[in-house]
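Engineer: What follows is input-v4.cif; its format and atoms are mmCIF, C-alpha atoms and all ligand atoms.
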data_my_file
loop_
_atom_site.label_atom_id
_atom_site.label_comp_id
_atom_site.auth_asym_id
_atom_site.auth_seq_id
_atom_site.Cartn_x
_atom_site.Cartn_y
_atom_site.Cartn_z
CA MET A 1 232.27 153.28 -15.24
CA ALA A 2 233.36 154.92 -12.00
CA GLY A 3 236.55 153.70 -10.34
CA ARG A 4 239.51 152.14 -12.01
CA ASN A 5 239.89 149.11 -14.20
CA PHE A 6 241.81 146.28 -12.53
CA LEU A 7 244.06 144.68 -15.08
CA PHE A 8 244.82 141.01 -14.48
CA VAL A 9 245.43 139.71 -17.97
CA PRO A 10 248.85 138.06 -18.05
CA GLY A 11 250.25 140.87 -20.12
CA PRO A 12 250.12 143.70 -20.76
CA THR A 13 250.65 144.23 -17.05
CA ASN A 14 250.26 147.34 -14.90
CA VAL A 15 252.71 150.07 -15.79
CA PRO A 16 254.00 151.75 -12.60
CA ASP A 17 253.49 155.52 -12.40
CA ARG A 18 257.26 155.99 -12.29
CA ILE A 19 257.59 154.33 -15.67
CA LEU A 20 254.64 156.24 -17.14
CA ARG A 21 256.29 159.49 -16.09
CA ALA A 22 259.67 158.41 -17.44
CA MET A 23 258.10 157.82 -20.85
CA MET A 24 256.67 161.36 -21.04
CA VAL A 25 259.61 162.82 -22.90
CA SER A 26 259.92 165.18 -25.82
CA MET A 27 261.22 163.50 -28.93
CA GLU A 28 264.90 163.90 -29.60
CA ASP A 29 267.38 163.21 -32.37
CA HIS A 30 268.29 159.54 -32.30
CA ARG A 31 271.47 160.37 -34.24
CA SER A 32 272.64 162.98 -31.73
CA PRO A 33 276.08 162.66 -30.10
CA THR A 34 274.47 162.07 -26.68
CA PHE A 35 272.02 159.35 -27.78
CA PRO A 36 274.49 156.46 -27.28
CA GLN A 37 274.29 157.00 -23.49
CA LEU A 38 270.75 155.65 -23.63
CA THR A 39 271.72 152.53 -25.58
CA ARG A 40 274.69 151.98 -23.27
CA THR A 41 272.43 152.09 -20.22
CA ILE A 42 269.81 149.73 -21.60
CA LEU A 43 271.84 146.89 -23.08
CA PRO A 44 274.05 146.17 -20.03
CA GLY A 45 270.95 146.53 -17.81
CA LEU A 46 269.17 143.84 -19.80
CA LYS A 47 272.13 141.49 -19.40
CA LYS A 48 271.51 141.52 -15.65
CA VAL A 49 267.85 140.61 -16.13
CA PHE A 50 268.80 137.70 -18.42
CA ARG A 51 271.52 136.76 -15.89
CA THR A 52 274.16 136.70 -18.56
CA GLU A 53 277.69 137.91 -19.01
CA ARG A 54 278.28 136.09 -22.28
CA GLY A 55 274.98 136.76 -24.09
CA THR A 56 274.22 139.75 -26.31
CA PRO A 57 270.89 141.51 -25.75
CA PHE A 58 268.87 143.11 -28.54
CA VAL A 59 265.90 145.46 -28.43
CA PHE A 60 263.54 145.69 -31.41
CA PRO A 61 260.51 147.90 -31.89
CA SER A 62 258.20 144.88 -32.08
CA SER A 63 256.41 142.55 -29.72
CA GLY A 64 257.74 139.20 -28.49
CA THR A 65 256.50 137.48 -31.67
CA GLY A 66 258.99 139.53 -33.70
CA CYS A 67 261.82 138.12 -31.63
CA TRP A 68 260.62 134.54 -32.20
CA GLU A 69 261.14 135.36 -35.88
CA ALA A 70 264.51 137.01 -35.22
CA ALA A 71 265.68 133.90 -33.33
CA ILE A 72 264.88 131.45 -36.09
CA THR A 73 265.71 133.50 -39.18
CA ASN A 74 269.14 134.50 -37.86
CA THR A 75 270.24 130.94 -37.18
CA LEU A 76 268.45 128.43 -39.41
CA SER A 77 268.04 127.51 -43.08
CA PRO A 78 264.98 126.19 -44.95
CA GLY A 79 264.60 122.45 -44.36
CA ASP A 80 266.45 122.45 -41.02
CA THR A 81 264.85 120.30 -38.35
CA VAL A 82 263.60 121.83 -35.11
CA LEU A 83 262.45 119.89 -32.05
CA ALA A 84 259.48 121.43 -30.22
CA ALA A 85 256.72 120.51 -27.80
CA ARG A 86 253.15 121.78 -28.03
CA PHE A 87 251.19 122.23 -24.82
CA GLY A 88 249.42 125.58 -25.17
CA GLN A 89 248.64 128.37 -27.60
CA PHE A 90 252.06 130.04 -27.42
CA SER A 91 254.15 126.91 -27.83
CA HIS A 92 251.79 126.13 -30.74
CA LEU A 93 252.23 129.53 -32.38
CA TRP A 94 256.03 129.36 -32.36
CA ILE A 95 255.81 125.97 -34.07
CA ALA A 96 253.37 127.41 -36.63
CA MET A 97 255.82 130.24 -37.36
CA CYS A 98 258.67 127.76 -37.90
CA GLU A 99 256.49 125.81 -40.32
CA LYS A 100 255.70 128.98 -42.28
CA HIS A 101 259.44 129.52 -42.63
CA GLY A 102 259.88 126.08 -44.20
CA LEU A 103 261.51 124.41 -41.21
CA LYS A 104 260.86 120.71 -40.58
CA MET A 105 259.26 120.26 -37.22
CA GLU A 106 259.67 117.29 -34.93
CA ILE A 107 256.70 117.96 -32.66
CA VAL A 108 255.97 116.31 -29.34
CA ASP A 109 252.30 116.88 -28.48
CA VAL A 110 251.65 116.64 -24.77
CA ASP A 111 248.63 117.41 -22.57
CA TRP A 112 247.79 121.08 -22.18
CA GLY A 113 248.44 121.63 -18.48
CA THR A 114 251.85 119.98 -18.63
CA GLY A 115 255.04 121.46 -20.07
CA VAL A 116 258.25 120.61 -21.90
CA PRO A 117 258.51 116.78 -21.85
CA VAL A 118 262.20 116.62 -20.94
CA GLU A 119 262.45 112.81 -20.96
CA GLN A 120 261.02 112.60 -24.47
CA TYR A 121 263.34 115.38 -25.60
CA ALA A 122 266.27 113.44 -24.09
CA GLU A 123 265.34 110.24 -25.95
CA ILE A 124 264.88 112.05 -29.27
CA LEU A 125 268.19 113.89 -28.89
CA LYS A 126 270.08 110.72 -27.98
CA LYS A 127 268.73 108.95 -31.06
CA ASP A 128 269.65 111.86 -33.33
CA THR A 129 273.26 110.83 -33.75
CA SER A 130 273.54 112.53 -37.16
CA HIS A 131 272.58 115.84 -35.52
CA ARG A 132 269.73 116.46 -37.91
CA ILE A 133 268.03 118.60 -35.24
CA LYS A 134 269.46 122.11 -35.39
CA ALA A 135 267.41 123.80 -32.69
CA VAL A 136 265.29 122.88 -29.71
CA LEU A 137 262.36 125.11 -28.69
CA ALA A 138 261.20 125.40 -25.11
CA CYS A 139 258.45 127.67 -23.84
CA HIS A 140 259.60 128.54 -20.32
CA ASN A 141 256.21 129.80 -19.16
CA GLU A 142 253.17 128.80 -21.25
CA THR A 143 250.92 131.77 -20.55
CA ALA A 144 247.87 130.09 -22.07
CA THR A 145 247.75 127.34 -19.45
CA GLY A 146 249.83 128.72 -16.55
CA VAL A 147 252.60 126.14 -16.87
CA THR A 148 256.31 126.63 -16.17
CA SER A 149 258.90 124.20 -17.57
CA ASP A 150 262.36 123.25 -16.36
CA ILE A 151 264.78 124.81 -18.83
CA GLY A 152 267.86 123.69 -16.88
CA ALA A 153 266.69 120.11 -17.42
CA VAL A 154 266.41 120.69 -21.18
CA ARG A 155 270.03 121.89 -21.17
CA ARG A 156 271.06 118.75 -19.27
CA ALA A 157 269.24 116.57 -21.83
CA LEU A 158 271.19 118.28 -24.64
CA ASP A 159 274.48 117.92 -22.78
CA GLU A 160 273.92 114.27 -21.86
CA ALA A 161 273.18 113.48 -25.51
CA LYS A 162 276.26 115.56 -26.45
CA HIS A 163 273.93 117.24 -28.92
CA PRO A 164 275.02 120.56 -30.50
CA ALA A 165 271.49 121.86 -31.28
CA LEU A 166 270.77 125.44 -30.26
CA LEU A 167 268.47 125.96 -27.28
CA PHE A 168 265.76 128.57 -27.96
CA VAL A 169 263.64 129.66 -25.03
CA ASP A 170 260.42 131.65 -25.00
CA ALA A 171 260.81 133.77 -21.87
CA VAL A 172 258.03 136.21 -22.76
CA SER A 173 256.05 135.71 -19.55
CA SER A 174 258.93 134.63 -17.30
CA LEU A 175 261.72 137.17 -17.77
CA GLY A 176 261.94 139.48 -14.77
CA SER A 177 259.44 137.46 -12.74
CA ILE A 178 260.36 133.75 -12.74
CA ASP A 179 263.97 132.65 -12.28
CA PHE A 180 265.63 132.71 -15.70
CA ARG A 181 269.33 131.94 -16.20
CA PHE A 182 270.70 132.53 -19.68
CA ASP A 183 274.31 131.56 -18.90
CA ASP A 184 273.73 128.77 -16.38
CA TRP A 185 271.24 127.03 -18.66
CA GLY A 186 273.32 127.51 -21.80
CA VAL A 187 270.47 129.23 -23.63
CA ASP A 188 271.25 130.30 -27.20
CA MET A 189 268.27 132.52 -27.96
CA ALA A 190 265.94 133.89 -25.28
CA VAL A 191 262.88 135.77 -26.48
CA SER A 192 260.83 138.24 -24.47
CA GLY A 193 258.74 141.39 -24.70
CA SER A 194 258.29 144.63 -22.82
CA GLN A 195 254.71 144.23 -21.58
CA LYS A 196 255.08 141.54 -18.92
CA GLY A 197 257.72 141.36 -16.19
CA LEU A 198 259.41 144.51 -17.46
CA MET A 199 256.20 146.44 -16.62
CA LEU A 200 256.18 148.50 -19.83
CA PRO A 201 253.58 148.92 -22.55
CA ALA A 202 253.83 146.47 -25.45
CA GLY A 203 256.14 147.60 -28.23
CA LEU A 204 259.60 146.27 -27.51
CA GLY A 205 260.77 142.82 -28.50
CA ILE A 206 263.65 141.78 -26.27
CA LEU A 207 266.09 139.09 -27.31
CA CYS A 208 269.33 137.66 -25.97
CA ALA A 209 271.67 135.64 -28.19
CA SER A 210 274.67 133.45 -27.42
CA GLN A 211 277.88 133.75 -29.44
CA LYS A 212 277.17 130.28 -30.87
CA ALA A 213 273.78 131.48 -32.15
CA LEU A 214 275.33 134.64 -33.62
CA ASP A 215 277.98 132.55 -35.37
CA MET A 216 275.25 130.38 -36.95
CA GLY A 217 274.04 133.57 -38.64
CA LYS A 218 276.98 133.41 -41.04
CA HIS A 219 275.48 130.33 -42.70
CA ALA A 220 271.76 130.72 -41.96
CA LYS A 221 269.76 131.02 -45.17
CA LEU A 222 266.30 131.94 -43.93
CA ALA A 223 265.30 135.33 -45.33
CA ARG A 224 265.68 138.22 -42.91
CA SER A 225 265.97 141.95 -43.24
CA TYR A 226 264.34 144.03 -40.50
CA PHE A 227 265.29 141.46 -37.88
CA ASP A 228 268.86 140.93 -39.11
CA LEU A 229 270.93 140.75 -35.93
CA GLN A 230 274.12 141.68 -37.76
CA ASP A 231 272.68 145.09 -38.74
CA MET A 232 271.55 145.66 -35.16
CA LEU A 233 274.92 144.55 -33.75
CA ALA A 234 276.81 146.93 -36.01
CA SER A 235 274.62 149.91 -35.05
CA ASN A 236 274.47 149.06 -31.35
CA ALA A 237 278.26 148.89 -31.24
CA THR A 238 278.29 152.62 -32.00
CA GLY A 239 275.44 153.30 -29.56
CA TYR A 240 272.74 153.69 -32.22
CA PHE A 241 269.96 151.71 -33.89
CA PRO A 242 269.65 150.88 -37.61
CA TYR A 243 266.31 152.72 -37.77
CA THR A 244 264.21 155.08 -35.64
CA PRO A 245 264.05 153.57 -32.17
CA ALA A 246 260.91 153.61 -29.99
CA LEU A 247 262.30 156.42 -27.88
CA SER A 248 259.59 156.72 -25.18
CA LEU A 249 259.66 152.98 -24.58
CA LEU A 250 263.44 153.05 -24.28
CA TYR A 251 263.18 155.75 -21.59
CA GLY A 252 260.53 153.61 -19.91
CA LEU A 253 262.93 150.66 -20.07
CA VAL A 254 265.64 152.67 -18.32
CA GLU A 255 263.22 153.31 -15.46
CA SER A 256 262.06 149.68 -15.42
CA LEU A 257 265.66 148.47 -15.16
CA LYS A 258 266.21 150.94 -12.31
CA MET A 259 263.19 149.59 -10.47
CA ILE A 260 264.36 146.00 -10.98
CA ASP A 261 267.78 146.93 -9.65
CA GLU A 262 266.31 148.66 -6.62
CA GLU A 263 264.09 145.75 -5.62
CA GLY A 264 266.67 143.17 -6.68
CA LEU A 265 265.98 140.37 -9.18
CA ASP A 266 266.05 137.67 -6.48
CA ASN A 267 263.55 139.63 -4.39
CA ILE A 268 261.29 140.11 -7.42
CA ILE A 269 261.34 136.38 -8.13
CA ALA A 270 260.57 135.66 -4.46
CA ARG A 271 257.70 138.18 -4.54
CA HIS A 272 256.16 136.52 -7.58
CA ALA A 273 256.39 133.09 -5.93
CA TYR A 274 254.79 134.40 -2.73
CA LEU A 275 251.98 136.22 -4.55
CA ALA A 276 251.31 133.19 -6.77
CA GLU A 277 251.03 130.92 -3.71
CA GLY A 278 248.31 133.21 -2.35
CA VAL A 279 246.38 133.05 -5.64
CA ARG A 280 246.74 129.26 -5.71
CA ALA A 281 245.49 129.10 -2.10
CA ALA A 282 242.38 131.02 -3.24
CA VAL A 283 241.77 128.73 -6.22
CA LEU A 284 242.61 125.34 -4.73
CA ASN A 285 241.78 125.73 -1.02
CA GLY A 286 239.18 128.50 -1.12
CA TRP A 287 237.16 127.90 -4.26
CA LYS A 288 238.20 124.24 -4.50
CA MET A 289 238.56 124.53 -8.26
CA PRO A 290 241.29 122.90 -10.35
CA LEU A 291 244.06 124.72 -12.14
CA CYS A 292 244.83 123.87 -15.74
CA ALA A 293 248.42 123.06 -14.61
CA LYS A 294 248.09 119.38 -13.83
CA ASP A 295 250.61 119.12 -11.07
CA LYS A 296 252.69 121.22 -8.66
CA GLN A 297 255.78 120.84 -10.81
CA TRP A 298 254.09 122.87 -13.53
CA TYR A 299 252.61 125.70 -11.42
CA SER A 300 253.41 129.10 -12.86
CA ASN A 301 254.29 132.03 -10.63
CA THR A 302 253.07 134.56 -13.19
CA VAL A 303 249.69 133.23 -14.33
CA SER A 304 247.05 130.88 -12.92
CA ALA A 305 244.53 129.32 -15.31
CA VAL A 306 241.39 128.32 -13.42
CA MET A 307 239.23 125.54 -14.92
CA VAL A 308 235.50 126.31 -14.75
CA PRO A 309 232.98 123.51 -14.12
CA GLU A 310 231.37 121.61 -16.99
CA GLY A 311 228.32 123.52 -18.26
CA VAL A 312 229.77 126.97 -17.49
CA ASN A 313 231.51 129.04 -20.16
CA GLY A 314 234.71 130.65 -18.86
CA ALA A 315 234.09 133.50 -21.33
CA ASP A 316 230.90 134.39 -19.41
CA VAL A 317 232.89 134.72 -16.17
CA ILE A 318 235.37 136.99 -17.94
CA SER A 319 232.61 139.18 -19.47
CA ARG A 320 230.81 139.45 -16.15
CA ALA A 321 234.03 140.37 -14.33
CA TYR A 322 234.74 143.06 -16.93
CA ASN A 323 231.27 144.49 -17.50
CA ARG A 324 230.02 144.46 -13.93
CA TYR A 325 233.15 144.72 -11.75
CA ASN A 326 235.69 146.39 -14.05
CA VAL A 327 238.15 143.53 -13.59
CA SER A 328 240.04 142.25 -16.64
CA LEU A 329 240.78 138.52 -16.52
CA GLY A 330 242.55 136.51 -19.22
CA ALA A 331 240.56 134.33 -21.64
CA GLY A 332 241.03 130.67 -22.51
CA LEU A 333 242.77 130.40 -25.89
CA SER A 334 242.12 127.94 -28.71
CA LYS A 335 241.82 124.37 -27.29
CA VAL A 336 240.95 125.66 -23.81
CA ALA A 337 238.64 128.52 -24.96
CA GLY A 338 235.62 128.67 -22.65
CA LYS A 339 237.09 126.08 -20.30
CA LEU A 340 239.07 128.41 -18.08
CA PHE A 341 239.83 131.96 -17.12
CA ARG A 342 243.29 133.26 -16.26
CA ILE A 343 244.55 135.52 -13.51
CA GLY A 344 247.79 137.23 -14.45
CA HIS A 345 249.92 137.90 -11.37
CA LEU A 346 253.08 139.38 -12.76
CA GLY A 347 254.76 142.71 -12.73
CA ASP A 348 254.05 145.58 -10.37
CA LEU A 349 251.74 143.92 -7.81
CA ASN A 350 251.18 143.39 -4.11
CA GLU A 351 248.79 141.31 -2.00
CA VAL A 352 245.94 143.79 -1.71
CA HIS A 353 246.11 144.63 -5.39
CA LEU A 354 245.75 140.92 -6.16
CA MET A 355 242.79 140.69 -3.80
CA ALA A 356 240.86 142.67 -6.43
CA ALA A 357 241.40 139.85 -8.92
CA ILE A 358 240.35 137.22 -6.42
CA ALA A 359 237.31 139.13 -5.18
CA GLY A 360 236.30 140.17 -8.71
CA ALA A 361 236.63 136.64 -10.11
CA GLU A 362 234.74 135.26 -7.13
CA MET A 363 231.78 137.64 -7.58
CA ALA A 364 231.71 136.99 -11.33
CA MET A 365 231.77 133.22 -10.80
CA LEU A 366 228.89 133.41 -8.31
CA ASP A 367 226.91 135.55 -10.79
CA CYS A 368 227.52 132.88 -13.45
CA GLY A 369 226.19 130.11 -11.22
CA ILE A 370 229.49 128.60 -10.07
CA LYS A 371 228.91 127.39 -6.53
CA VAL A 372 231.97 128.67 -4.74
CA GLN A 373 231.67 129.61 -1.07
CA PRO A 374 231.33 133.42 -1.00
CA GLY A 375 234.49 134.97 0.44
CA SER A 376 236.40 131.68 0.37
CA GLY A 377 239.03 132.78 -2.16
CA VAL A 378 239.78 136.03 -0.37
CA ALA A 379 239.93 134.19 2.99
CA ALA A 380 242.33 131.53 1.72
CA ALA A 381 244.65 134.06 0.06
CA SER A 382 244.67 136.29 3.12
CA GLU A 383 245.39 133.27 5.34
CA TYR A 384 248.39 132.40 3.16
CA TRP A 385 249.78 135.92 2.90
CA ARG A 386 249.29 136.75 6.59
CA LYS A 387 251.09 133.62 7.69
CA HIS A 388 254.05 133.87 5.37
CA ARG A 389 256.79 136.43 5.53
CA ALA A 390 256.49 139.01 2.78
CA PRO A 391 259.64 139.28 0.68
CA VAL A 392 261.61 142.51 0.51
CA GLY A 393 259.77 144.68 -1.97
CA LEU A 394 256.43 144.14 -0.23
CA ASP A 395 257.39 144.39 3.42
CA ALA A 396 258.20 148.06 4.00
CA SER A 397 259.97 147.38 7.29
CA ALA A 398 262.18 144.71 5.69
CA ALA A 399 263.02 147.09 2.86
CA GLU A 400 263.89 149.80 5.35
CA ALA A 401 266.12 147.44 7.25
CA VAL A 402 268.05 146.90 4.05
CA VAL A 403 268.43 150.48 2.90
CA LEU A 404 268.82 152.40 6.18
CA PRO A 405 272.39 153.34 6.97
CA LYS A 406 273.76 151.99 10.27
CA ALA A 407 273.41 154.43 13.16
CA ALA A 408 276.69 156.08 14.00
N1 LIG A 501 255.03 133.71 -25.88
C1 LIG A 501 254.33 133.76 -24.74
C2 LIG A 501 254.60 132.74 -23.68
C3 LIG A 501 253.36 134.75 -24.56
O1 LIG A 501 252.68 134.83 -23.41
C4 LIG A 501 253.14 135.69 -25.59
C5 LIG A 501 252.12 136.74 -25.44
O2 LIG A 501 251.37 136.80 -24.51
C6 LIG A 501 253.89 135.58 -26.75
C7 LIG A 501 254.83 134.59 -26.86
C8 LIG A 501 253.70 136.54 -27.86
O3 LIG A 501 254.22 137.75 -27.48
P1 LIG A 501 253.74 139.14 -28.09
O4 LIG A 501 252.25 139.20 -27.87
O5 LIG A 501 254.51 140.14 -27.30
O6 LIG A 501 254.09 139.11 -29.52
#
Starting from the file, give its structure as structure tokens.
Ligand code: PLP
Structural biologist:
Amino acid sequence: MAGRNFLFVPGPTNVPDRILRAMMVSMEDHRSPTFPQLTRTILPGLKKVFRTERGTPFVFPSSGTGCWEAAITNTLSPGDTVLAARFGQFSHLWIAMCEKHGLKMEIVDVDWGTGVPVEQYAEILKKDTSHRIKAVLACHNETATGVTSDIGAVRRALDEAKHPALLFVDAVSSLGSIDFRFDDWGVDMAVSGSQKGLMLPAGLGILCASQKALDMGKHAKLARSYFDLQDMLASNATGYFPYTPALSLLYGLVESLKMIDEEGLDNIIARHAYLAEGVRAAVLNGWKMPLCAKDKQWYSNTVSAVMVPEGVNGADVISRAYNRYNVSLGAGLSKVAGKLFRIGHLGDLNEVHLMAAIAGAEMAMLDCGIKVQPGSGVAAASEYWRKHRAPVGLDASAAEAVVLPKAA
């Protein structure tokens, strides 16, 4: 098909040309005396993205799922109790993994379209005076439904109950795009991957661990080998990895961290919020269709899940968008399969780029018989973006004002 494919699945996201070029490197000896420079650039750089001084970052050749496993197997023992909420496919899958590892799950099932039920967590934690619960799971951004949860509030619930359980956060589709604060929120294990806000191909699992979580490793009895954090810590301390690292991706990560530094994490977060508001204007004001996120408090700034009307299959909209307009939208997963389509709006994006998702989805919906007003999504998004000040990173003149030296 002529022209380019427009990728709006909520990960993998678009890889900027700068990062693609940075990954085009000849292979080198990962035991060479100069290799540690690479490790010593990446790990401190990741600390900034996690907003941590106390946490220890890890990079595995895996996807985010591998780091879910690293988080639990390095801290817990068979039969330990874990508190978790299920409100989408990813929060569900982490629970399923814990069950496979023989952990006892205390599961709070809530409506898909809502997020971590902090009040219920608080009650359960207060009642658990014997501290049976060893870890609490929280999916910061449920990519399947476009829902963001309040992780700071989960920390407060733990603190108010004076509960020592570890706080594990899935930050796969929030890190580097939605405000995430490892230290301020007292997170013990934060899990992410390379293919979302970090703008890289899939292939790196990214983890950050607190000292408390690392100390738990001394007694944790779940089986682990490849994902043993102690092996990684020992190698990383010398600047190396315990096995062959994914070299091209690591060079890509150096460039990604540079780009994040140049734009500034706060500016990136502001850009994602601003772009997401434009998409929501298209969906809610233009098309007048509901989001899966049931209320403003849950709106995600990295993915919007649009509910299709009864009688229409969301999968048909996605196929039409792909086959006819070369636009890739995200599918509904498991319980919401066919009921929605998702627009990923994270990573290396601007307003006009996102217009392709809105225009493509709109044409595909019309082709599938959804009676939206033609042009209404594009009009509503453009109205929002034109009226609101673009954050640094999108507004070239604002960026210039920041970087230009003062005239003598
Ligand atoms: N958690 C969330 C919130 C996700 O969105 C994803 C993937 O999209 C995962 C976990 C799994 O990550 P990966 O596919 O990198 O293993």
Engineer: Taking all atoms listed in the file into account, name the residue in A:Gly11, A:Gly338, A:Pro33, A:Gly330 that is nearest to Gly64 (chain A).
Structural biologist: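 Of A:Gly11, A:Gly338, A:Pro33, A:Gly330, the one nearest Gly64 (chain A), counting all atoms listed in the file, is A:Gly11.
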Engineer: Using all atoms listed in the file, which protein or nucleic acid residues come within 12 Å of Val327 (chain A)? Drop anything in the same chain fewer than 4 positions from it, and give the result as a VMD selection string.
Structural biologist: chain A and resid 1 3 to 9 317 to 323 342 to 344 353 to 364
Engineer: Write out as a list in words the residues lying within 10 Å of region 378-383 of chain A, counting all atoms listed in the file and excluding same-chain residues fewer than 3 positions away.
Structural biologist: Leu275, Ala276, Glu277, Gly278, Val279, Arg280, Ala281, Ala282, Val283, Leu284, Asn285, Gly286, Trp287, Glu351, Val352, Leu354, Met355, Ala356, Ala357, Ile358, Ala359, Gly360, Glu362, Pro374, Gly375, Arg386, Lys387 and His388 of chain A
Engineer: Write out as a PDB file with C-alpha atoms, in the coordinates of the input which residues come within 6 Å of region 176-180 of chain A when counting only C-alpha atoms, dropping same-chain ones fewer than 2 positions away.
Structural biologist:
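In the end it all went to selection-v7.pdb:
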ATOM      1  CA  SER A 174     258.930 134.630 -17.300  1.00  0.00           C
ATOM      2  CA  GLY A 197     257.720 141.360 -16.190  1.00  0.00           C
ATOM      3  CA  ILE A 269     261.340 136.380  -8.130  1.00  0.00           C
TER       4      ILE A 269
END
Engineer: I'd like the contact shell of Pro36 (chain A) - 9 Å cut-off, only C-alpha atoms, skipping same-chain residues fewer than 4 positions apart - returned as a short mmCIF file (atom, residue, chain, number, x, y, z; two decimals) with C-alpha atoms, keeping the file's coordinate frame.
Structural biologist:
data_model
loop_
_atom_site.label_atom_id
_atom_site.label_comp_id
_atom_site.auth_asym_id
_atom_site.auth_seq_id
_atom_site.Cartn_x
_atom_site.Cartn_y
_atom_site.Cartn_z
CA HIS A 30 268.29 159.54 -32.30
CA ARG A 31 271.47 160.37 -34.24
CA SER A 32 272.64 162.98 -31.73
CA ARG A 40 274.69 151.98 -23.27
CA THR A 41 272.43 152.09 -20.22
CA ASN A 236 274.47 149.06 -31.35
CA THR A 238 278.29 152.62 -32.00
CA GLY A 239 275.44 153.30 -29.56
CA TYR A 240 272.74 153.69 -32.22
#
Engineer: Take every atom of ligand LIG 501 (chain A) listed in the file, fit an axis-aligned box around them, add 4 Å per side, and give the centre and edge lengths in Å to one decimal as lines of an AutoDock Vina configuration file.
Structural biologist:
center_x = 253.2
center_y = 136.4
center_z = -26.5
size_x = 11.7
size_y = 15.4
size_z = 14.1
Engineer: What residues have any atom no more than 8 Å from ligand LIG 501 (chain A) when counting only C-alpha atoms and all ligand atoms, and can you list them as a ChimeraX atom specification?
Structural biologist: /A:10-12,62-66,68,90-91,93-94,139-144,170-174,192-195,202-205
Engineer: When you count all atoms listed in the file, which of these residues is closest to Tyr251 (chain A): A:Gly311, A:Gly79, A:Gly88, A:Pro201?
Structural biologist: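 Once distances to Tyr251 (chain A) are computed over all atoms listed in the file, the minimum belongs to A:Pro201.
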Engineer: Any idea what the distance is between CA of Ala135 (chain A) and CA of Ala85 (chain A)?
Structural biologist: 12.2 Å
Engineer: Could you list, with a cut-off of 12 Å and counting all atoms listed in the file, the residues of region 42-138 of chain A near region 299-305 of chain A, each shown with its nearest atom pair and the distance in Å rounded to one decimal, rows sorted by chain and ascending number, as CSV?
Structural biologist:
residue,atom,partner,partner_atom,distance
A:Gly88,CA,A:Ala305,CA,11.6
A:Trp112,CA,A:Ala305,CA,11.2
A:Gly113,CA,A:Tyr299,CA,9.2
A:Thr114,CA,A:Tyr299,CA,9.2
A:Gly115,CA,A:Tyr299,CA,9.9
Engineer: Limited to C-alpha atoms, could you put the picked residues into a file as a PDB file, keeping the file's coordinate frame?
Structural biologist:
ATOM      1  CA  GLY A  88     249.420 125.580 -25.170  1.00  0.00           C
ATOM      2  CA  TRP A 112     247.790 121.080 -22.180  1.00  0.00           C
ATOM      3  CA  GLY A 113     248.440 121.630 -18.480  1.00  0.00           C
ATOM      4  CA  THR A 114     251.850 119.980 -18.630  1.00  0.00           C
ATOM      5  CA  GLY A 115     255.040 121.460 -20.070  1.00  0.00           C
TER       6      GLY A 115
END
Engineer: Take CA of Lys371 (chain A) and CA of Ser334 (chain A) and report the distance between them in Å, one decimal.
Structural biologist: 25.8 Å
Engineer: I'd like the interatomic distance between CA of Val108 (chain A) and CA of Gln120 (chain A), to a tenth of an Å.
Structural biologist: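 For CA of Val108 (chain A) relative to CA of Gln120 (chain A), the distance reads 7.9 Å.
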Engineer: Please identify all polymer residues within 9 Å of Gln297 (chain A), counting only C-alpha atoms, omitting same-chain residues fewer than 3 positions from it, and present them as a PyMOL selection string.
Structural biologist: chain A and resi 114+147-150+293-294+300
Engineer: Could you write out the selected residues, including C-alpha atoms, as a compact mmCIF listing (two decimals), keeping the file's coordinate frame?
Structural biologist:
# COMPACT_ATOMS: atom_id res chain seq x y z
CA THR A 114 251.85 119.98 -18.63
CA VAL A 147 252.60 126.14 -16.87
CA THR A 148 256.31 126.63 -16.17
CA SER A 149 258.90 124.20 -17.57
CA ASP A 150 262.36 123.25 -16.36
CA ALA A 293 248.42 123.06 -14.61
CA LYS A 294 248.09 119.38 -13.83
CA SER A 300 253.41 129.10 -12.86
Engineer: Rank nothing, just name the residue among A:Val169, A:Val308, A:Leu46, A:Met24 nearest to Leu249 (chain A), using only C-alpha atoms.
Structural biologist: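 Residue with the minimum atom-to-atom distance to Leu249 (chain A): A:Met24.
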Engineer: Can you work out which one of A:Gly55, A:Pro61, A:Gly377, A:Gly146 has the shortest atom-to-atom distance to Leu333 (chain A), counting only C-alpha atoms?
Structural biologist: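 For Leu333 (chain A), the nearest of the given residues is A:Gly146.
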Engineer: Given the choices A:Thr39, A:Ser376, A:Ser26, A:Asn350, which gets closest to Arg271 (chain A) if the distance is worked out from only C-alpha atoms?
Structural biologist: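 Result for the nearest residue to Arg271 (chain A): A:Asn350.
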Engineer: Around (281.0, 132.9, -20.2) in the file's own coordinates, what residues are found within 10 Å if you use all atoms listed in the file, given back as JSON, numbers by chain?
Structural biologist: {"A": [52, 53, 54, 55, 183, 184, 186, 210, 211]}
